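Okay, upload-v9.txt is below, compact mmCIF, C-alpha atoms and all ligand atoms:
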# COMPACT_ATOMS: atom_id res chain seq x y z
CA MET K 1 -73.72 182.64 64.87
CA THR K 2 -70.48 181.54 66.57
CA ILE K 3 -69.82 182.49 70.20
CA PHE K 4 -67.12 184.84 68.95
CA GLU K 5 -69.59 186.59 66.66
CA ARG K 6 -72.03 186.94 69.55
CA ALA K 7 -69.21 188.22 71.73
CA LYS K 8 -68.17 190.86 69.24
CA LEU K 9 -71.65 192.37 69.33
CA VAL K 10 -71.50 193.10 73.03
CA ILE K 11 -67.78 193.15 74.01
CA PRO K 12 -65.22 195.29 72.15
CA GLY K 13 -63.36 192.87 69.87
CA GLY K 14 -65.26 190.03 71.55
CA VAL K 15 -62.76 189.71 74.43
CA ASN K 16 -62.02 191.28 77.78
CA SER K 17 -58.27 191.55 77.20
CA PRO K 18 -56.91 192.20 73.70
CA VAL K 19 -54.40 189.37 73.15
CA ARG K 20 -57.14 186.79 73.60
CA ALA K 21 -58.73 187.81 70.30
CA PHE K 22 -56.02 186.05 68.21
CA GLY K 23 -55.41 189.37 66.42
CA SER K 24 -51.74 188.67 65.76
CA VAL K 25 -52.08 185.01 64.75
CA GLY K 26 -55.37 185.21 62.87
CA GLY K 27 -58.39 182.96 63.18
CA GLU K 28 -60.98 182.81 65.93
CA PRO K 29 -60.19 182.26 69.61
CA TYR K 30 -61.29 179.06 71.29
CA PHE K 31 -63.84 179.47 74.07
CA VAL K 32 -62.86 177.53 77.17
CA GLU K 33 -65.38 175.25 78.86
CA ARG K 34 -63.24 173.93 81.69
CA ALA K 35 -59.68 173.13 82.63
CA ASP K 36 -57.96 170.45 84.65
CA GLY K 37 -54.30 169.90 85.47
CA ALA K 38 -52.18 170.81 82.44
CA TYR K 39 -55.19 170.74 80.11
CA ILE K 40 -57.88 173.09 78.96
CA TYR K 41 -61.05 171.94 77.24
CA ALA K 42 -62.43 174.27 74.63
CA ASP K 43 -64.90 173.94 71.78
CA GLY K 44 -65.11 170.20 72.45
CA LYS K 45 -61.34 169.64 72.20
CA ARG K 46 -58.57 169.08 74.73
CA TYR K 47 -55.37 171.14 74.68
CA ILE K 48 -52.15 170.98 76.67
CA ASP K 49 -52.18 174.50 78.10
CA TYR K 50 -49.04 176.65 78.04
CA VAL K 51 -50.93 179.91 78.46
CA SER K 52 -51.60 179.06 82.09
CA SER K 53 -53.91 182.08 82.39
CA TRP K 54 -50.76 184.08 81.52
CA GLY K 55 -48.89 182.74 84.52
CA PRO K 56 -51.11 182.28 87.57
CA MET K 57 -51.77 178.57 87.06
CA ILE K 58 -48.25 177.48 88.00
CA LEU K 59 -49.71 174.41 89.75
CA GLY K 60 -52.00 173.55 86.86
CA HIS K 61 -55.76 174.00 86.76
CA ASN K 62 -58.23 172.68 89.29
CA GLU K 63 -55.58 172.11 91.95
CA PRO K 64 -57.42 170.11 94.66
CA SER K 65 -56.09 172.02 97.69
CA ILE K 66 -56.98 175.39 96.15
CA ASN K 67 -60.41 174.23 95.09
CA ALA K 68 -61.19 172.81 98.51
CA ALA K 69 -60.07 176.02 100.21
CA LEU K 70 -62.12 178.13 97.82
CA LYS K 71 -65.27 176.06 98.22
CA ALA K 72 -65.02 176.36 102.01
CA ALA K 73 -64.38 180.11 101.68
CA VAL K 74 -67.50 180.64 99.57
CA ASP K 75 -69.61 179.22 102.39
CA ARG K 76 -68.24 181.86 104.76
CA GLY K 77 -69.38 184.73 102.53
CA VAL K 78 -67.57 186.21 99.57
CA SER K 79 -66.72 189.79 100.57
CA TYR K 80 -66.85 191.87 103.74
CA GLY K 81 -65.08 195.20 103.20
CA ALA K 82 -63.48 194.69 106.60
CA PRO K 83 -60.14 193.11 107.43
CA THR K 84 -59.63 189.35 107.74
CA LEU K 85 -56.95 187.05 109.10
CA LEU K 86 -56.48 185.73 105.54
CA GLU K 87 -55.05 189.06 104.42
CA VAL K 88 -52.58 189.06 107.28
CA GLU K 89 -51.53 185.50 106.49
CA LEU K 90 -51.01 186.19 102.80
CA ALA K 91 -49.05 189.36 103.61
CA GLU K 92 -46.89 187.47 106.13
CA LEU K 93 -46.17 184.73 103.63
CA THR K 94 -45.36 187.22 100.88
CA CYS K 95 -42.93 189.10 103.13
CA GLU K 96 -41.38 185.82 104.22
CA MET K 97 -40.90 184.57 100.67
CA LEU K 98 -39.66 187.74 98.96
CA PRO K 99 -36.32 188.76 100.48
CA SER K 100 -36.68 192.54 99.89
CA VAL K 101 -40.29 192.89 101.01
CA ASP K 102 -40.98 194.03 104.60
CA MET K 103 -44.57 195.22 104.07
CA VAL K 104 -47.10 194.64 101.35
CA ARG K 105 -50.44 196.08 100.22
CA MET K 106 -52.95 193.89 98.35
CA VAL K 107 -54.77 195.23 95.31
CA SER K 108 -56.78 193.53 92.57
CA SER K 109 -54.52 193.50 89.49
CA GLY K 110 -50.95 193.89 88.35
CA THR K 111 -51.83 197.19 86.71
CA GLU K 112 -53.10 198.56 90.00
CA ALA K 113 -49.99 197.29 91.82
CA VAL K 114 -47.63 199.07 89.42
CA MET K 115 -49.68 202.27 89.33
CA SER K 116 -49.66 202.40 93.12
CA ALA K 117 -45.97 201.53 93.51
CA ILE K 118 -45.08 204.40 91.19
CA ARG K 119 -47.19 206.79 93.23
CA VAL K 120 -45.37 205.63 96.35
CA ALA K 121 -41.97 206.10 94.67
CA ARG K 122 -42.94 209.62 93.67
CA GLY K 123 -44.27 210.36 97.14
CA PHE K 124 -41.15 209.01 98.80
CA THR K 125 -38.63 210.83 96.61
CA GLY K 126 -40.63 213.97 95.91
CA ARG K 127 -39.66 213.57 92.23
CA ASN K 128 -41.86 213.18 89.17
CA LEU K 129 -39.98 211.38 86.42
CA ILE K 130 -40.00 207.62 86.01
CA VAL K 131 -37.87 205.38 83.80
CA LYS K 132 -39.12 202.25 82.07
CA PHE K 133 -37.73 200.02 79.33
CA GLU K 134 -39.13 199.73 75.86
CA GLY K 135 -40.82 196.35 75.50
CA CYS K 136 -41.36 195.85 79.23
CA TYR K 137 -45.07 195.75 80.10
CA HIS K 138 -46.33 197.13 83.39
CA GLY K 139 -50.09 197.11 82.93
CA HIS K 140 -52.31 199.67 81.27
CA SER K 141 -52.16 202.73 83.52
CA ASP K 142 -51.63 206.04 81.72
CA SER K 143 -48.02 206.68 82.78
CA LEU K 144 -46.85 203.31 81.48
CA LEU K 145 -48.60 203.26 78.12
CA VAL K 146 -45.72 204.81 76.28
CA LYS K 147 -43.40 204.04 73.44
CA GLY K 148 -39.92 205.44 73.03
CA GLY K 149 -39.53 208.78 71.29
CA SER K 150 -37.83 209.01 67.92
CA GLY K 151 -34.36 208.98 69.43
CA MET K 152 -32.62 208.37 72.70
CA LEU K 153 -33.28 210.92 75.42
CA THR K 154 -36.43 212.20 73.77
CA LEU K 155 -39.66 212.16 75.70
CA ALA K 156 -41.91 209.14 75.46
CA GLN K 157 -45.06 209.23 73.35
CA PRO K 158 -48.41 207.80 74.43
CA SER K 159 -48.92 204.35 72.90
CA SER K 160 -52.69 204.51 73.20
CA LEU K 161 -55.37 206.97 72.29
CA GLY K 162 -56.75 208.64 75.38
CA VAL K 163 -53.43 208.99 77.16
CA PRO K 164 -52.48 212.67 77.48
CA ALA K 165 -48.93 213.58 76.46
CA ASP K 166 -49.05 215.77 79.58
CA ILE K 167 -48.91 212.56 81.59
CA THR K 168 -46.41 210.55 79.54
CA LYS K 169 -43.97 213.46 79.47
CA ASN K 170 -43.00 212.26 82.94
CA THR K 171 -42.02 208.82 81.64
CA LEU K 172 -38.58 208.20 80.17
CA VAL K 173 -37.82 205.13 78.09
CA ALA K 174 -34.52 203.22 78.08
CA ASP K 175 -33.31 200.10 76.26
CA TYR K 176 -33.47 196.83 78.18
CA ASN K 177 -30.04 195.28 78.75
CA ASP K 178 -28.34 198.56 77.77
CA ILE K 179 -27.04 200.19 80.93
CA ALA K 180 -25.58 203.11 78.93
CA SER K 181 -29.10 204.11 77.86
CA VAL K 182 -30.11 204.28 81.52
CA GLU K 183 -27.02 206.22 82.55
CA ALA K 184 -27.69 208.75 79.80
CA LEU K 185 -31.17 209.40 81.20
CA PHE K 186 -29.91 209.73 84.76
CA ASN K 187 -27.22 212.14 83.56
CA LYS K 188 -29.67 214.29 81.68
CA TYR K 189 -32.37 214.27 84.37
CA SER K 190 -30.17 214.13 87.43
CA GLY K 191 -32.08 214.60 90.68
CA GLN K 192 -35.49 214.41 88.96
CA ILE K 193 -36.03 210.66 88.56
CA ALA K 194 -38.26 209.07 91.22
CA CYS K 195 -37.85 205.47 90.14
CA LEU K 196 -36.80 203.00 87.55
CA ILE K 197 -39.15 200.10 86.90
CA VAL K 198 -38.03 196.91 85.21
CA GLU K 199 -39.21 193.38 84.60
CA PRO K 200 -36.12 191.58 85.93
CA VAL K 201 -36.69 189.01 83.20
CA ALA K 202 -38.51 190.76 80.36
CA ALA K 203 -41.42 188.43 79.69
CA ASN K 204 -43.70 190.66 77.64
CA MET K 205 -41.46 190.92 74.56
CA GLY K 206 -41.20 187.18 74.37
CA VAL K 207 -38.71 186.17 77.03
CA VAL K 208 -35.51 188.21 77.24
CA LEU K 209 -33.06 187.42 80.00
CA PRO K 210 -31.07 190.11 81.79
CA LYS K 211 -27.42 190.16 80.77
CA GLU K 212 -24.89 189.26 83.42
CA GLY K 213 -24.57 192.25 85.74
CA PHE K 214 -27.42 194.29 84.22
CA LEU K 215 -29.76 194.12 87.22
CA GLN K 216 -26.93 194.85 89.65
CA ALA K 217 -25.90 197.83 87.50
CA LEU K 218 -29.48 199.15 87.75
CA ARG K 219 -29.31 198.66 91.50
CA ASP K 220 -26.03 200.55 91.79
CA LEU K 221 -27.12 203.38 89.53
CA THR K 222 -30.49 204.00 91.21
CA THR K 223 -28.88 203.89 94.66
CA ARG K 224 -26.26 206.41 93.58
CA GLU K 225 -28.91 208.70 92.07
CA GLY K 226 -31.34 208.50 95.00
CA ALA K 227 -34.04 206.92 92.83
CA LEU K 228 -36.02 203.84 93.82
CA LEU K 229 -35.62 200.57 91.96
CA ILE K 230 -38.89 198.76 91.31
CA PHE K 231 -38.88 195.16 90.16
CA ASP K 232 -42.11 194.35 88.37
CA GLU K 233 -42.33 190.71 89.39
CA VAL K 234 -45.91 190.22 88.24
CA ILE K 235 -44.64 187.32 86.09
CA THR K 236 -41.34 186.37 87.76
CA GLY K 237 -42.61 186.55 91.36
CA PHE K 238 -43.09 183.02 92.77
CA ARG K 239 -42.18 181.76 89.27
CA LEU K 240 -38.39 181.80 89.00
CA SER K 241 -38.03 180.81 92.63
CA ALA K 242 -39.98 181.12 95.88
CA GLY K 243 -38.35 184.52 96.23
CA GLY K 244 -38.88 185.57 92.63
CA ALA K 245 -36.25 187.05 90.33
CA GLN K 246 -34.76 189.08 93.19
CA GLU K 247 -33.76 185.87 94.90
CA TYR K 248 -32.85 184.11 91.64
CA TYR K 249 -30.47 186.89 90.57
CA ASN K 250 -29.70 188.10 94.10
CA VAL K 251 -30.43 191.77 93.43
CA MET K 252 -32.75 193.54 95.86
CA PRO K 253 -35.15 196.23 94.64
CA ASP K 254 -36.70 198.89 96.90
CA LEU K 255 -40.22 198.05 95.78
CA THR K 256 -41.71 194.95 94.16
CA THR K 257 -44.94 194.60 92.25
CA LEU K 258 -46.77 191.29 92.14
CA GLY K 259 -49.76 189.78 90.41
CA LYS K 260 -50.71 186.62 88.55
CA ILE K 261 -49.42 183.73 90.77
CA ILE K 262 -50.13 185.58 94.03
CA GLY K 263 -53.86 185.28 93.28
CA GLY K 264 -53.79 181.61 92.28
CA GLY K 265 -56.07 182.47 89.35
CA LEU K 266 -58.23 185.00 91.18
CA PRO K 267 -57.77 188.75 90.63
CA VAL K 268 -54.97 189.81 92.96
CA GLY K 269 -52.07 192.19 92.70
CA ALA K 270 -49.75 193.45 95.40
CA TYR K 271 -46.97 195.91 95.92
CA GLY K 272 -44.46 195.91 98.71
CA GLY K 273 -40.94 196.63 99.75
CA ARG K 274 -38.85 198.46 102.30
CA ARG K 275 -40.70 199.31 105.49
CA ASP K 276 -39.65 202.98 105.51
CA ILE K 277 -41.13 203.37 102.02
CA MET K 278 -44.30 201.32 102.50
CA GLU K 279 -45.17 203.19 105.69
CA LEU K 280 -45.93 206.15 103.42
CA VAL K 281 -49.03 204.34 102.12
CA SER K 282 -52.40 205.44 103.49
CA PRO K 283 -53.66 205.20 106.16
CA SER K 284 -50.23 205.04 107.83
CA GLY K 285 -48.84 207.68 105.46
CA ALA K 286 -49.82 210.37 102.98
CA VAL K 287 -49.75 208.44 99.69
CA TYR K 288 -53.40 207.65 99.04
CA GLN K 289 -54.36 204.23 97.74
CA ALA K 290 -57.50 202.19 98.39
CA GLY K 291 -59.65 199.39 96.99
CA THR K 292 -63.21 198.25 97.73
CA LEU K 293 -62.45 194.62 96.92
CA SER K 294 -58.75 194.67 97.89
CA GLY K 295 -57.88 191.68 100.07
CA ASN K 296 -61.07 189.92 98.99
CA PRO K 297 -61.43 186.73 101.05
CA LEU K 298 -61.83 184.40 98.04
CA ALA K 299 -58.83 185.95 96.30
CA MET K 300 -56.72 185.76 99.47
CA THR K 301 -57.75 182.14 99.96
CA ALA K 302 -56.66 181.14 96.45
CA GLY K 303 -53.40 183.07 96.83
CA LEU K 304 -52.60 181.55 100.21
CA ALA K 305 -53.37 178.00 99.06
CA THR K 306 -51.12 178.55 96.02
CA LEU K 307 -48.17 179.98 97.92
CA LYS K 308 -48.42 177.17 100.47
CA LYS K 309 -48.07 174.60 97.68
CA LEU K 310 -45.05 176.46 96.33
CA GLN K 311 -43.36 176.08 99.70
CA GLU K 312 -43.50 172.29 99.55
CA PRO K 313 -40.01 170.75 99.48
CA ASN K 314 -38.31 170.86 96.06
CA PHE K 315 -41.30 172.42 94.32
CA TYR K 316 -39.13 174.54 92.03
CA GLU K 317 -36.63 171.75 91.36
CA LYS K 318 -39.50 169.53 90.20
CA LEU K 319 -41.16 172.24 88.11
CA ASN K 320 -37.91 173.33 86.50
CA LYS K 321 -36.98 169.73 85.78
CA LYS K 322 -40.15 169.32 83.72
CA ALA K 323 -39.53 172.64 82.01
CA THR K 324 -35.93 171.71 81.29
CA ILE K 325 -37.03 168.48 79.60
CA LEU K 326 -39.32 170.53 77.39
CA TRP K 327 -36.80 173.25 76.56
CA ALA K 328 -34.05 170.69 75.90
CA GLY K 329 -36.47 168.83 73.61
CA PHE K 330 -37.20 172.03 71.70
CA ALA K 331 -33.52 172.94 71.41
CA ASP K 332 -32.75 169.44 70.22
CA ASN K 333 -35.51 169.64 67.59
CA LEU K 334 -34.14 172.92 66.29
CA LYS K 335 -30.68 171.45 66.04
CA LYS K 336 -31.90 168.30 64.25
CA LEU K 337 -33.91 170.40 61.81
CA GLY K 338 -31.02 172.76 61.17
CA LYS K 339 -33.06 175.81 62.26
CA ASN K 340 -31.16 178.45 64.12
CA TYR K 341 -34.15 180.25 65.60
CA ALA K 342 -33.47 182.02 68.87
CA PHE K 343 -34.85 180.13 71.84
CA ASN K 344 -34.75 181.84 75.25
CA ALA K 345 -35.65 180.06 78.46
CA VAL K 346 -35.26 180.54 82.20
CA GLY K 347 -36.91 178.30 84.78
CA SER K 348 -40.45 177.56 83.59
CA LEU K 349 -40.57 180.50 81.13
CA ALA K 350 -39.54 180.30 77.49
CA CYS K 351 -40.03 181.83 74.07
CA LEU K 352 -39.15 180.75 70.54
CA PHE K 353 -38.30 183.65 68.25
CA PHE K 354 -38.28 183.20 64.50
CA THR K 355 -35.01 184.97 63.91
CA ASP K 356 -31.41 183.84 63.62
CA LYS K 357 -30.26 186.82 65.69
CA ARG K 358 -29.52 186.38 69.35
CA VAL K 359 -32.47 187.92 71.22
CA ASP K 360 -31.16 189.98 74.13
CA SER K 361 -32.94 193.29 73.57
CA PHE K 362 -36.23 194.76 72.42
CA LYS K 363 -34.74 195.52 69.02
CA SER K 364 -33.49 191.99 68.44
CA ALA K 365 -36.82 190.55 69.65
CA MET K 366 -38.52 192.65 67.00
CA THR K 367 -36.57 190.86 64.25
CA SER K 368 -38.72 187.76 64.80
CA ASP K 369 -40.91 186.80 61.84
CA THR K 370 -44.37 187.03 63.41
CA LYS K 371 -46.01 185.41 60.37
CA LEU K 372 -43.94 182.29 61.03
CA TYR K 373 -45.01 182.46 64.67
CA ALA K 374 -48.65 182.52 63.56
CA LYS K 375 -48.05 179.35 61.50
CA TYR K 376 -46.25 177.71 64.39
CA PHE K 377 -49.05 178.66 66.77
CA HIS K 378 -51.79 177.22 64.54
CA GLY K 379 -49.75 174.09 63.79
CA MET K 380 -49.36 173.44 67.51
CA LEU K 381 -53.02 174.20 68.19
CA GLU K 382 -54.09 171.68 65.53
CA ARG K 383 -52.00 169.11 67.40
CA GLY K 384 -53.71 169.88 70.70
CA ILE K 385 -51.20 172.31 72.15
CA ALA K 386 -52.25 175.78 73.24
CA LEU K 387 -49.49 178.38 73.11
CA ALA K 388 -49.84 182.12 73.60
CA PRO K 389 -51.69 183.55 70.60
CA ALA K 390 -48.95 186.15 70.02
CA GLN K 391 -45.18 186.04 69.45
CA PHE K 392 -44.13 188.44 72.16
CA GLU K 393 -45.46 186.46 75.10
CA ALA K 394 -43.96 183.82 77.33
CA MET K 395 -44.67 180.11 77.23
CA PHE K 396 -45.50 178.99 80.77
CA ALA K 397 -44.78 175.45 81.98
CA CYS K 398 -46.84 174.28 84.96
CA ALA K 399 -46.24 171.67 87.64
CA ALA K 400 -49.11 169.47 86.43
CA LEU K 401 -47.42 168.55 83.14
CA SER K 402 -46.99 164.77 82.83
CA ASP K 403 -44.12 163.07 81.01
CA THR K 404 -46.63 162.11 78.31
CA ALA K 405 -47.74 165.71 77.88
CA LEU K 406 -44.12 166.84 77.63
CA ASP K 407 -43.36 164.15 75.08
CA THR K 408 -46.45 164.98 73.01
CA THR K 409 -45.44 168.65 73.02
CA ILE K 410 -41.86 167.95 71.92
CA LYS K 411 -43.05 165.69 69.08
CA ALA K 412 -45.61 168.23 67.90
CA HIS K 413 -42.96 170.96 68.02
CA TYR K 414 -40.70 168.85 65.80
CA GLU K 415 -43.40 168.26 63.20
CA VAL K 416 -44.63 171.84 63.16
CA VAL K 417 -41.18 173.45 63.03
CA ARG K 418 -40.14 171.01 60.28
CA GLY K 419 -43.09 172.19 58.22
CA LEU K 420 -42.28 175.91 58.52
C1 LIG X 1 -49.53 191.02 83.43
C2 LIG X 1 -48.55 192.05 83.84
C3 LIG X 1 -48.93 193.26 84.43
C4 LIG X 1 -50.37 193.70 84.53
O1 LIG X 1 -51.11 192.86 85.34
P1 LIG X 1 -52.71 192.83 85.16
O2 LIG X 1 -53.15 191.94 86.27
O3 LIG X 1 -52.96 192.30 83.79
O4 LIG X 1 -53.18 194.22 85.32
C5 LIG X 1 -47.96 194.10 84.91
N1 LIG X 1 -46.65 193.77 84.81
C6 LIG X 1 -46.25 192.63 84.23
C7 LIG X 1 -44.78 192.32 84.19
C8 LIG X 1 -47.17 191.74 83.71
O5 LIG X 1 -46.76 190.63 83.09
Kindly return the structure encoded in the file as structure tokens.
Amino acid sequence: MTIFERAKLVIPGGVNSPVRAFGSVGGEPYFVERADGAYIYADGKRYIDYVSSWGPMILGHNEPSINAALKAAVDRGVSYGAPTLLEVELAELTCEMLPSVDMVRMVSSGTEAVMSAIRVARGFTGRNLIVKFEGCYHGHSDSLLVKGGSGMLTLAQPSSLGVPADITKNTLVADYNDIASVEALFNKYSGQIACLIVEPVAANMGVVLPKEGFLQALRDLTTREGALLIFDEVITGFRLSAGGAQEYYNVMPDLTTLGKIIGGGLPVGAYGGRRDIMELVSPSGAVYQAGTLSGNPLAMTAGLATLKKLQEPNFYEKLNKKATILWAGFADNLKKLGKNYAFNAVGSLACLFFTDKRVDSFKSAMTSDTKLYAKYFHGMLERGIALAPAQFEAMFACAALSDTALDTTIKAHYEVVRGL
């Protein structure tokens, strides 16, 4: 029996998060034994890893300063359920790095961060409705597991069994990069919308960049309508720049949700923002939110050690330089091979779509040929390169990538894309 077969007997689908099961690319997932730098070792093979634990491993795996800090932390005990200096330090650093964040609350996942931020937005505004964009992912809480209705301005439908329509009727769905679709919702539901949540760079429908002026238009519209603007920076936070997408695009949200990098590979999420809003959170205010393991000392230690590394001089210049070499190599390959597939990239995030349409929306992303992606994925994997096992995910470049690893990746990309 393979490990995957054993897993399927005791874990639904054999995995603890669906995309890991290779459902959309076919075949069996590899089972990881260890990881180091830009590499993961699985089933006796070595892969250059562009999954990066879905973003957290921006420094690469097994980063010495994080490991040393974690090992020392283990010896001091792994959980107390009482406050620590570490939590204060990570909160201070987060507020210092993210320009719009005055106060922050630690939780244990991105899902929890988003769920809580939405509760705060509703508490602050006294309104119930929320707006999200089709194709943006904000974790698996009930309110956010929706798909667009059959037409514009119709109510969202649950996208999962077990989510009551009574809950999702409070969620409205707009089209990413289409400000008119947002204006239409605000016109129809004027005075009832608590918040609009957006991934400033949509990185869960592949990678889709915001059009020039789109984020600012969301800022202006929500301000005018008295709704809060929430940037879900679970991927972009500490990724696009030290100050996330808000700094990169210079648009300030009211609330920000964080996850992935802020935990350095341990389970951490966080939500924060304007002081007058965050003071509503319990125990200082009346919006209840709590967590037994929130601010866990090991998780805080990994997060702190990670953010400290990110503050080293020119960290983002160096990371983005590596990424740029890779993306330029890919673009060059496509050109040489005469393939006009859409290739979107920003900073250390990228996605290759198997379509000749420009991908700047959910709809255009959906024109990608996912069967070709599956072939591409398996071709790369055979050549020792681990990409996300699904089309509509980002490719993450990490700081531990060597010139050799970049070169190997570009060559493999050429061969695989040529064979498609
Ligand atoms: C991953 C992700 C989440 C959910 O975070 P989890 O830690 O998986 O719960 C929320 N928002 C965005 C943008 C994400 O990429």
message: For ligand LIG 1 (chain X), return the neighbouring residues as a ChimeraX atom specification (distance at most 9 Å; all atoms listed in the file).
response: /K:17,54-55,108-114,136-141,198-204,231-236,257-260,267-269
Using only C-alpha atoms, please write the residues we just selected to a file, as a PDB file, in the coordinates of the input.
ATOM      1  CA  SER K  17     -58.270 191.550  77.200  1.00  0.00           C
ATOM      2  CA  TRP K  54     -50.760 184.080  81.520  1.00  0.00           C
ATOM      3  CA  GLY K  55     -48.890 182.740  84.520  1.00  0.00           C
ATOM      4  CA  SER K 108     -56.780 193.530  92.570  1.00  0.00           C
ATOM      5  CA  SER K 109     -54.520 193.500  89.490  1.00  0.00           C
ATOM      6  CA  GLY K 110     -50.950 193.890  88.350  1.00  0.00           C
ATOM      7  CA  THR K 111     -51.830 197.190  86.710  1.00  0.00           C
ATOM      8  CA  GLU K 112     -53.100 198.560  90.000  1.00  0.00           C
ATOM      9  CA  ALA K 113     -49.990 197.290  91.820  1.00  0.00           C
ATOM     10  CA  VAL K 114     -47.630 199.070  89.420  1.00  0.00           C
ATOM     11  CA  CYS K 136     -41.360 195.850  79.230  1.00  0.00           C
ATOM     12  CA  TYR K 137     -45.070 195.750  80.100  1.00  0.00           C
ATOM     13  CA  HIS K 138     -46.330 197.130  83.390  1.00  0.00           C
ATOM     14  CA  GLY K 139     -50.090 197.110  82.930  1.00  0.00           C
ATOM     15  CA  HIS K 140     -52.310 199.670  81.270  1.00  0.00           C
ATOM     16  CA  SER K 141     -52.160 202.730  83.520  1.00  0.00           C
ATOM     17  CA  VAL K 198     -38.030 196.910  85.210  1.00  0.00           C
ATOM     18  CA  GLU K 199     -39.210 193.380  84.600  1.00  0.00           C
ATOM     19  CA  PRO K 200     -36.120 191.580  85.930  1.00  0.00           C
ATOM     20  CA  VAL K 201     -36.690 189.010  83.200  1.00  0.00           C
ATOM     21  CA  ALA K 202     -38.510 190.760  80.360  1.00  0.00           C
ATOM     22  CA  ALA K 203     -41.420 188.430  79.690  1.00  0.00           C
ATOM     23  CA  ASN K 204     -43.700 190.660  77.640  1.00  0.00           C
ATOM     24  CA  PHE K 231     -38.880 195.160  90.160  1.00  0.00           C
ATOM     25  CA  ASP K 232     -42.110 194.350  88.370  1.00  0.00           C
ATOM     26  CA  GLU K 233     -42.330 190.710  89.390  1.00  0.00           C
ATOM     27  CA  VAL K 234     -45.910 190.220  88.240  1.00  0.00           C
ATOM     28  CA  ILE K 235     -44.640 187.320  86.090  1.00  0.00           C
ATOM     29  CA  THR K 236     -41.340 186.370  87.760  1.00  0.00           C
ATOM     30  CA  THR K 257     -44.940 194.600  92.250  1.00  0.00           C
ATOM     31  CA  LEU K 258     -46.770 191.290  92.140  1.00  0.00           C
ATOM     32  CA  GLY K 259     -49.760 189.780  90.410  1.00  0.00           C
ATOM     33  CA  LYS K 260     -50.710 186.620  88.550  1.00  0.00           C
ATOM     34  CA  PRO K 267     -57.770 188.750  90.630  1.00  0.00           C
ATOM     35  CA  VAL K 268     -54.970 189.810  92.960  1.00  0.00           C
ATOM     36  CA  GLY K 269     -52.070 192.190  92.700  1.00  0.00           C
TER      37      GLY K 269
END
task: Excluding Pro29 in chain K and residues on its chain fewer than 6 positions from it, collect all residues at most 9 Å away from it, counting all atoms listed in the file, and give them as number ranges by chain.
output: K: 4, 20-22, 389
- prompt: For Pro313 in chain K, which residue among K:Val74, K:Thr125, K:Asp220, K:Ala242 is the nearest when counting all atoms listed in the file?
  reply: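 The closest residue to Pro313 in chain K is K:Ala242.
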Check which residues of range 217-271 of chain K sit at most 9 Å from range 343-351 of chain K using all atoms listed in the file, and return one row each with the closest pair of atoms and their distance in Å to one decimal, ordered by chain and rising number, as CSV.
residue,atom,partner,partner_atom,distance
K:Thr236,CA,K:Leu349,CA,8.9
K:Arg239,CA,K:Ser348,CA,7.3
K:Leu240,CA,K:Gly347,CA,5.7
K:Ser241,CA,K:Gly347,CA,8.3
query: Which is closest to Lys308 in chain K among K:Gly329, K:Gly264, K:Gly272, K:Gly244, if we use all atoms listed in the file?
result: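 When distances to Lys308 in chain K are compared using all atoms listed in the file, the smallest one comes from K:Gly264.
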message: Taking (-51.4, 174.4, 78.5) in the coordinates of the supplied file, I want to know which residues reach to within 9 Å of it, counting only C-alpha atoms; could you give the answer as number ranges by chain?
response: K: 37-40, 47-53, 60, 385-387, 395-398, 401
Could those selected residues go to a file with C-alpha atoms, as a compact mmCIF listing (two decimals), keeping the file's coordinate frame?
# COMPACT_ATOMS: atom_id res chain seq x y z
CA GLY K 37 -54.30 169.90 85.47
CA ALA K 38 -52.18 170.81 82.44
CA TYR K 39 -55.19 170.74 80.11
CA ILE K 40 -57.88 173.09 78.96
CA TYR K 47 -55.37 171.14 74.68
CA ILE K 48 -52.15 170.98 76.67
CA ASP K 49 -52.18 174.50 78.10
CA TYR K 50 -49.04 176.65 78.04
CA VAL K 51 -50.93 179.91 78.46
CA SER K 52 -51.60 179.06 82.09
CA SER K 53 -53.91 182.08 82.39
CA GLY K 60 -52.00 173.55 86.86
CA ILE K 385 -51.20 172.31 72.15
CA ALA K 386 -52.25 175.78 73.24
CA LEU K 387 -49.49 178.38 73.11
CA MET K 395 -44.67 180.11 77.23
CA PHE K 396 -45.50 178.99 80.77
CA ALA K 397 -44.78 175.45 81.98
CA CYS K 398 -46.84 174.28 84.96
CA LEU K 401 -47.42 168.55 83.14
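Of the residues under consideration (K:Gly27, K:Gly213, K:Pro158, K:Pro253), K:Pro253 shows the shortest atom-to-atom contact distance to Gly273 in chain K when counting all atoms listed in the file.
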- prompt: What is the CA of Ser402 in chain K to CA of Met205 in chain K distance in Å?
  reply: 28.0 Å
query: Could you state the separation of CA of Arg358 in chain K and CA of Tyr414 in chain K in Å, given to one decimal place?
result: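 If I compute the distance from CA of Arg358 in chain K to CA of Tyr414 in chain K, I get 21.1 Å.
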message: Counting all atoms listed in the file, which residue out of K:Val251, K:Ile167, K:Ile277, K:Ala365 sits closest to Phe214 in chain K?
response: K:Val251
query: So how many Å separate CA of Thr355 in chain K and CA of Thr370 in chain K, to one decimal?
result: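 Computing the Euclidean distance for CA of Thr355 in chain K and CA of Thr370 in chain K yields 9.6 Å.
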Contacts of Asn250 in chain K within 10 Å, all atoms listed in the file, excl. fewer than 3 positions in-chain, as an NGL selection string: :K and (99 or 215-216 or 243-247 or 253)
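Residues lying within 12 Å of Pro64 in chain K, counting all atoms listed in the file and ignoring same-chain neighbours fewer than 3 positions away, are Asp36, Gly37, Leu59, Gly60, His61, Asn67, Ala68, Ala69, Leu70, Lys71, Ala302, Ala305, Thr306, Lys309 and Ala400 of chain K.
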